Structure formats: C-alpha cells, structure tokens
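Student: Got a structure for you, final_25.cif, holding mmCIF, C-alpha atoms.
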data_final
loop_
_atom_site.label_atom_id
_atom_site.label_comp_id
_atom_site.auth_asym_id
_atom_site.auth_seq_id
_atom_site.Cartn_x
_atom_site.Cartn_y
_atom_site.Cartn_z
CA MET A 295 -45.05 -18.04 40.25
CA SER A 296 -43.29 -14.73 40.85
CA ALA A 297 -45.39 -11.61 40.97
CA ARG A 298 -44.98 -8.99 38.27
CA PRO A 299 -43.26 -5.83 39.54
CA VAL A 300 -45.66 -3.02 40.28
CA SER A 301 -44.93 0.20 38.41
CA ILE A 302 -45.53 3.51 40.11
CA LEU A 303 -45.49 5.33 36.73
CA GLN A 304 -48.66 6.47 35.05
CA PRO A 305 -49.62 4.77 31.74
CA SER A 306 -49.01 8.02 29.91
CA THR A 307 -45.45 8.12 31.30
CA HIS A 308 -44.85 4.56 30.06
CA ARG A 309 -46.10 5.48 26.60
CA ALA A 310 -43.87 8.57 26.52
CA GLY A 311 -40.82 6.48 27.47
CA GLU A 312 -41.63 3.89 24.80
CA TYR A 313 -41.99 6.64 22.22
CA VAL A 314 -38.63 8.21 23.12
CA ALA A 315 -36.94 4.80 22.94
CA THR A 316 -38.46 3.76 19.61
CA ARG A 317 -39.02 7.00 17.69
CA PRO A 318 -36.87 7.53 14.60
CA LYS A 319 -33.86 9.70 15.30
CA ASN A 320 -33.69 13.05 13.59
CA PRO A 321 -30.48 14.14 11.84
CA PHE A 322 -29.34 16.16 14.85
CA ASP A 323 -29.65 13.12 17.19
CA ARG A 324 -27.71 10.99 14.72
CA LEU A 325 -25.01 13.66 14.54
CA VAL A 326 -24.77 13.79 18.35
CA ASP A 327 -24.46 9.99 18.55
CA LEU A 328 -21.82 9.97 15.83
CA ALA A 329 -19.83 12.71 17.58
CA ASP A 330 -20.10 10.87 20.90
CA ARG A 331 -18.78 7.63 19.39
CA PHE A 332 -16.02 9.54 17.60
CA LEU A 333 -14.88 11.37 20.75
CA HIS A 334 -15.07 8.18 22.81
CA GLY A 335 -12.88 6.44 20.25
CA ILE A 336 -10.35 9.29 20.32
CA ARG A 337 -10.24 9.23 24.13
CA ARG A 338 -9.79 5.45 24.16
CA ARG A 339 -6.93 5.69 21.66
CA TRP A 340 -5.37 8.61 23.58
CA VAL A 341 -5.44 6.67 26.87
CA ARG A 342 -3.98 3.59 25.16
CA GLU A 343 -1.24 5.65 23.47
CA ARG A 344 -0.44 7.54 26.68
CA ARG A 345 -0.04 4.27 28.56
CA ARG A 346 2.09 2.83 25.75
CA ARG A 347 4.39 5.86 25.85
CA LYS A 348 4.61 5.75 29.66
CA VAL A 349 5.54 2.07 29.59
CA GLY A 350 8.01 2.69 26.76
CA ARG A 351 9.75 5.56 28.58
CA ALA A 352 9.91 3.48 31.75
CA TYR A 353 11.55 0.61 29.86
CA ASP A 354 14.12 2.94 28.28
CA MET A 355 14.99 4.34 31.72
CA ALA A 356 15.16 0.85 33.22
CA LEU A 357 17.63 -0.18 30.49
CA GLU A 358 19.76 2.87 31.24
CA ILE A 359 19.67 2.22 34.99
CA ALA A 360 20.45 -1.48 34.58
CA ARG A 361 23.79 -0.56 32.99
CA SER A 362 24.81 1.12 36.27
CA ILE A 363 23.67 -1.60 38.67
CA PRO A 364 25.16 -5.12 38.86
CA ARG A 365 22.78 -7.95 37.95
CA GLY A 366 21.24 -9.61 40.99
CA SER A 367 21.28 -6.41 43.06
CA GLU A 368 18.53 -5.79 45.59
CA VAL A 369 17.08 -2.41 44.58
CA LEU A 370 14.82 0.11 46.31
CA ASP A 371 12.88 2.50 44.03
CA VAL A 372 12.00 5.58 46.10
CA GLY A 373 8.96 7.45 44.76
CA CYS A 374 8.15 4.59 42.38
CA GLY A 375 4.88 6.12 41.10
CA SER A 376 3.23 3.78 38.58
CA GLY A 377 5.90 1.15 39.22
CA PHE A 378 6.76 0.52 35.56
CA ILE A 379 10.47 1.34 36.01
CA ALA A 380 10.71 -1.01 39.00
CA HIS A 381 8.85 -3.72 37.08
CA HIS A 382 11.14 -3.55 34.03
CA LEU A 383 14.27 -3.23 36.17
CA SER A 384 13.30 -6.34 38.12
CA ALA A 385 13.15 -8.33 34.89
CA LEU A 386 16.46 -6.90 33.64
CA LEU A 387 18.37 -7.50 36.89
CA GLY A 388 16.80 -10.83 37.75
CA GLU A 389 15.92 -9.66 41.25
CA SER A 390 12.81 -8.24 42.91
CA VAL A 391 12.73 -4.43 43.11
CA ILE A 392 10.92 -2.86 46.06
CA GLY A 393 8.92 0.25 45.21
CA ILE A 394 7.91 2.80 47.85
CA ASP A 395 5.76 5.93 47.58
CA LEU A 396 3.60 8.18 49.72
CA ALA A 397 0.42 6.76 48.16
CA SER A 398 -0.22 3.66 46.09
CA LYS A 399 -0.26 4.61 42.41
CA ALA A 400 1.31 1.38 41.23
CA GLU A 401 -0.10 0.09 37.95
CA ALA A 402 2.59 -2.56 37.44
CA PRO A 403 2.95 -5.77 39.49
CA ILE A 404 5.75 -4.87 41.92
CA ASP A 405 6.64 -5.32 45.60
CA TYR A 406 5.02 -2.05 46.72
CA ARG A 407 5.30 -0.59 50.23
CA CYS A 408 3.70 2.59 51.57
CA TYR A 409 6.18 5.28 52.67
CA ASP A 410 5.39 7.81 55.42
CA GLY A 411 7.75 10.47 54.05
CA ARG A 412 10.30 9.97 56.82
CA VAL A 413 11.55 6.39 57.23
CA PHE A 414 12.05 4.00 54.30
CA PRO A 415 10.15 0.75 55.13
CA VAL A 416 13.26 -1.45 54.71
CA ALA A 417 16.01 -2.60 57.09
CA ASP A 418 19.45 -1.07 57.58
CA ASN A 419 22.13 -2.13 55.06
CA SER A 420 19.57 -4.16 53.08
CA CYS A 421 19.94 -2.71 49.57
CA ASN A 422 22.63 -2.89 46.92
CA ALA A 423 21.14 0.10 45.14
CA VAL A 424 18.62 2.89 45.67
CA LEU A 425 16.87 4.58 42.75
CA LEU A 426 15.39 8.11 42.78
CA CYS A 427 13.92 9.25 39.46
CA TYR A 428 13.08 12.98 39.68
CA VAL A 429 12.09 12.58 43.33
CA LEU A 430 14.49 14.68 45.41
CA HIS A 431 13.12 18.06 44.30
CA HIS A 432 9.76 16.97 45.77
CA ALA A 433 11.27 16.07 49.17
CA GLN A 434 10.13 18.41 51.93
CA ASP A 435 13.24 17.49 53.96
CA VAL A 436 15.97 16.34 51.59
CA ALA A 437 18.36 15.76 54.51
CA VAL A 438 16.05 13.05 55.87
CA VAL A 439 15.88 11.35 52.46
CA LEU A 440 19.66 11.40 51.99
CA SER A 441 20.16 10.03 55.51
CA GLU A 442 17.71 7.22 54.76
CA ILE A 443 19.50 6.40 51.50
CA ARG A 444 22.72 6.02 53.41
CA ARG A 445 21.03 3.94 56.14
CA VAL A 446 19.55 1.32 53.80
CA LEU A 447 22.55 1.02 51.45
CA ARG A 448 25.10 -1.68 52.07
CA PRO A 449 28.78 -0.66 52.18
CA GLY A 450 29.78 0.19 48.62
CA GLY A 451 26.11 0.34 47.60
CA LEU A 452 24.97 2.63 44.80
CA ALA A 453 22.38 5.38 44.53
CA VAL A 454 21.14 6.28 41.04
CA VAL A 455 19.61 9.76 40.94
CA TYR A 456 17.88 11.69 38.15
CA GLU A 457 17.23 15.36 38.82
CA ASP A 458 15.99 18.46 36.99
CA ILE A 459 18.71 21.14 36.94
CA PRO A 460 17.33 24.54 35.85
CA ARG A 461 20.16 26.48 34.22
CA THR A 462 18.49 28.87 31.78
CA THR A 463 15.51 31.21 32.02
CA TRP A 464 13.55 28.64 29.99
CA ASP A 465 14.44 25.87 32.45
CA LYS A 466 13.44 28.02 35.42
CA GLY A 467 10.12 28.87 33.77
CA VAL A 468 9.34 25.20 33.13
CA CYS A 469 10.26 24.32 36.73
CA TRP A 470 8.06 27.16 38.01
CA ILE A 471 5.09 25.66 36.12
CA HIS A 472 5.97 22.19 37.45
CA ASN A 473 6.02 23.58 40.98
CA ARG A 474 2.58 25.19 40.51
CA GLN A 475 1.18 21.83 39.35
CA TRP A 476 2.61 19.80 42.23
CA ARG A 477 2.74 22.03 45.31
CA GLY A 478 -0.88 21.32 46.22
CA ARG A 479 -0.21 17.56 46.25
CA THR A 480 3.32 17.06 47.59
CA GLY A 481 4.27 20.55 48.74
CA ALA A 482 6.55 23.07 47.06
CA CYS A 483 9.35 21.73 44.87
CA ARG A 484 12.96 22.74 45.52
CA PHE A 485 15.19 22.71 42.45
CA ARG A 486 18.94 22.97 43.00
CA SER A 487 22.05 23.63 40.94
CA GLU A 488 24.70 21.00 40.19
CA ALA A 489 26.99 22.57 42.80
CA GLU A 490 24.26 22.43 45.46
CA TRP A 491 23.52 18.77 44.77
CA ARG A 492 27.21 17.91 44.78
CA THR A 493 27.65 19.53 48.20
CA LEU A 494 24.57 17.78 49.62
CA PHE A 495 25.55 14.35 48.35
CA GLU A 496 29.08 14.61 49.70
CA SER A 497 27.94 15.93 53.08
CA TYR A 498 25.79 12.80 53.54
CA GLY A 499 28.51 10.35 52.63
CA LEU A 500 27.41 9.74 49.04
CA GLU A 501 30.40 9.99 46.75
CA ILE A 502 29.77 10.91 43.10
CA VAL A 503 31.14 8.07 40.96
CA SER A 504 29.88 9.50 37.68
CA GLU A 505 27.47 12.11 36.37
CA ARG A 506 26.27 13.35 33.02
CA ARG A 507 23.90 15.89 31.56
CA LEU A 508 20.71 14.75 29.89
CA SER A 509 18.83 16.47 27.08
CA ARG A 510 15.65 18.50 27.52
CA CYS A 511 14.12 16.41 24.71
CA ARG A 512 13.84 13.32 26.92
CA ASN A 513 10.44 14.62 28.04
CA LEU A 514 8.70 17.15 25.79
CA ILE A 515 5.97 17.74 28.39
CA HIS A 516 8.58 18.95 30.88
CA PRO A 517 11.51 20.13 28.69
CA VAL A 518 14.20 21.08 31.19
CA ARG A 519 17.89 20.17 31.55
CA ARG A 520 18.45 17.05 33.61
CA GLN A 521 21.35 15.39 35.37
CA PHE A 522 22.15 11.73 36.00
CA TYR A 523 24.16 10.89 39.13
CA LYS A 524 25.69 7.59 40.14
CA LEU A 525 26.62 7.75 43.84
CA MET A 526 28.40 5.33 46.16
CA LYS A 527 28.01 5.03 49.92
CA ASN A 528 31.20 6.27 51.55
CA ALA A 529 32.03 3.91 54.41
CA HIS A 530 34.15 6.54 56.18
CA SER A 531 31.43 9.20 56.49
CA SER A 532 30.03 9.86 59.96
CA LYS A 533 26.49 10.69 58.76
#
Can you give me the file's structure in the form of structure tokens?
Tutor:
Amino acid sequence: MSARPVSILQPSTHRAGEYVATRPKNPFDRLVDLADRFLHGIRRRWVRERRRRKVGRAYDMALEIARSIPRGSEVLDVGCGSGFIAHHLSALLGESVIGIDLASKAEAPIDYRCYDGRVFPVADNSCNAVLLCYVLHHAQDVAVVLSEIRRVLRPGGLAVVYEDIPRTTWDKGVCWIHNRQWRGRTGACRFRSEAEWRTLFESYGLEIVSERRLSRCRNLIHPVRRQFYKLMKNAHSSK
C-alpha cells in the first residue's frame, strides 16, 4: 500500500485553500472570469486569422512567382522566413524548394537549411531559380548575396526579386519605421532606388528580363511602393 503524501501546510492553511476554491464567486470575480474568457477568445481568433492571412498572402505570391519559373525548376528561397511561400511554390512547380535563412523560423514543411549570412548552403550551378522576397534591403553586404546568387544559378537561370522602392516622402517614412523595427535583429536596412538596383544587378551579371511596379496596397502594414524583378544569369559576365 502506498503511503499518503505528507503535507507541510498547517490545517488552517488547508481550510483557507478549500474555502477559496469552493466559495461562491462575487459579481466582480464573475466579471473578471468573463472578461478573461472573452479576451482569450479574441486572441485565439486573432492568431488564427493572422495565420490565415499570412498563408493566403504566401499562396498569392507563390502563384505570381510560379508564372515566372518553369515547372520542374529547382528553386532556392533565400530568406524564406516562415517557409509558406516555398511550401506553396513546391506544390505548384512539382519540385522541392530549398529554403534558407539566418535562423529557423519555418512553420511550413520545407527543405530548410541554416544560412550563415555569407555562403548559400548549396552547390555551384545547382539551381534553376533563386527567390528573394523583400530580402536584399536586409543584406549587410549585398555584393556577397548577389555573387552567391550568380554562383548557385545554372547558365540561363532566373532570379526573382521583390524589393521595397521608396519614392515619395510617405514611402521613405514607412521604410524608416521598418528600419527601426528590424535594425536590432538583422542590422540596418538599406533601401535603394530603381536605378541603383539596376546598376547592381547588371554589375553582377544578372540581366533584367522584366520588371514591374507593385502597389502599396499589397501590404497595408507596410504600405510602400514595391518592384518585381525577373533576372537572368548572364553567361558572359566575369563576376
């Protein structure tokens, strides 16, 4: 027979605990419990809705990207974050998408690899396409990133790039706030003009095949002008 656990509490303490647990709740206690359940329900719905929106936005972007990349392509998603874009893109293209980031934040089931910020963890000439969704302005050395894109792309391979392009005072203000939010985690952001990006891409052997402006309304949390670039590895570049 097992021995009963020995309590170190005084009998009076036991009685007080039993009273607190069984006493009728006054109106204030009931109101607190009701408010707690209400707020918990709101938080649960907010988290569920936020996740639904994140997954929905990722799917919309994956659809847009899939139109620029041939089916069956081997794709590298640089700065994959939650991994939802890579996950959806893998299903759309019928091929595994590798996601890399500085720290594992992947919520979706993808082929994730940790990235040291310098060398992409994939072999030379191993990818048909490289994807960078609002990543380059976070790069502390954009030249290294562009060199790595060129290294891992096969001849004629594509790079799909989304970038924030601050043009107006409003855009610059939004980007300033974005920089304040992120500089403690990934370092200061560096936003560039269309002309600056064009010069950088071309200097690293990435020829602009097509580009188009995107609306601020694509993301109401960060409403700034954006640009979509489709780049091709130039086989004749020395870099």
Student: I would like the residues chosen by the PyMOL selection byres ((chain A and resi 378-381) around 12) on the shown file; could you give them as an NGL selection string?
Tutor: :A and (345-360 or 368-377 or 382-394 or 399-406 or 424-427)
Student: One number please: CA of Lys527 in chain A to CA of Leu452 in chain A, in Å, one decimal.
Tutor: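 That distance, rounded to one decimal, is 6.4 Å.
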Student: Can you pull out every residue within 9 Å of Arg507 in chain A, counting all atoms listed in the file, but drop anything in the same chain fewer than 3 positions away, and send it as number ranges by chain?
Tutor: A: 519-522
Student: A:Arg461, A:Lys524, A:Arg492, A:Lys466: which is nearest Arg506 in chain A, counting all atoms listed in the file?
Tutor: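 The answer is A:Lys524, which sits nearest to Arg506 in chain A.
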Student: Please expand the PyMOL selection byres ((chain A and resi 468-472) around 9) into the concrete residues it hits in this file, giving the result as a list in words.
Tutor: Asp458, Pro460, Thr463, Trp464, Asp465, Lys466, Gly467, Asn473, Arg474, Gln475, Trp476, Arg477, Cys483, Phe485, His516, Pro517 and Val518 of chain A
Student: For Phe495 in chain A, which residue out of A:Val446, A:Thr462, A:Tyr456, A:Ala437 is the nearest one, using all atoms listed in the file?
Tutor: A:Ala437
Student: Between A:Leu447, A:Ala453, A:Ala482, A:Leu525, which is the closest to Asp418 in chain A once you count all atoms listed in the file?
Tutor: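 Under the stated criterion, the closest residue is A:Leu447.
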Student: Could you check how far CA of Gly366 in chain A sits from CA of Val436 in chain A, in Å to one decimal?
Tutor: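 Atom-to-atom, CA of Gly366 in chain A and CA of Val436 in chain A are spaced 28.5 Å apart.
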Student: Would you compute an axis-aligned box for range 485-491 of chain A, covering every atom listed for it in the file with 5 Å of margin on each side, and report centre and edge lengths in Å to one decimal as lines of an AutoDock Vina configuration file?
Tutor:
center_x = 21.1
center_y = 21.2
center_z = 42.8
size_x = 21.8
size_y = 14.9
size_z = 15.3
Student: Select all residues near (14.8, 7.6, 51.0) (cut-off 7 Å, inclusive, file coordinates), counting all atoms listed in the file, and output them as a list in words.
Tutor: Val372, Phe414, Val439, Leu440, Glu442 and Ile443 of chain A
Student: State, in Å with one decimal place, the distance from CA of Pro449 in chain A to CA of Cys421 in chain A.
Tutor: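 Atom-to-atom, CA of Pro449 in chain A to CA of Cys421 in chain A, that is 9.4 Å.
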Student: With all atoms listed in the file as the atoms that count, which of A:Val413, A:Val454, A:Cys408, A:Ala397 lies nearest to Ser504 in chain A?
Tutor: A:Val454
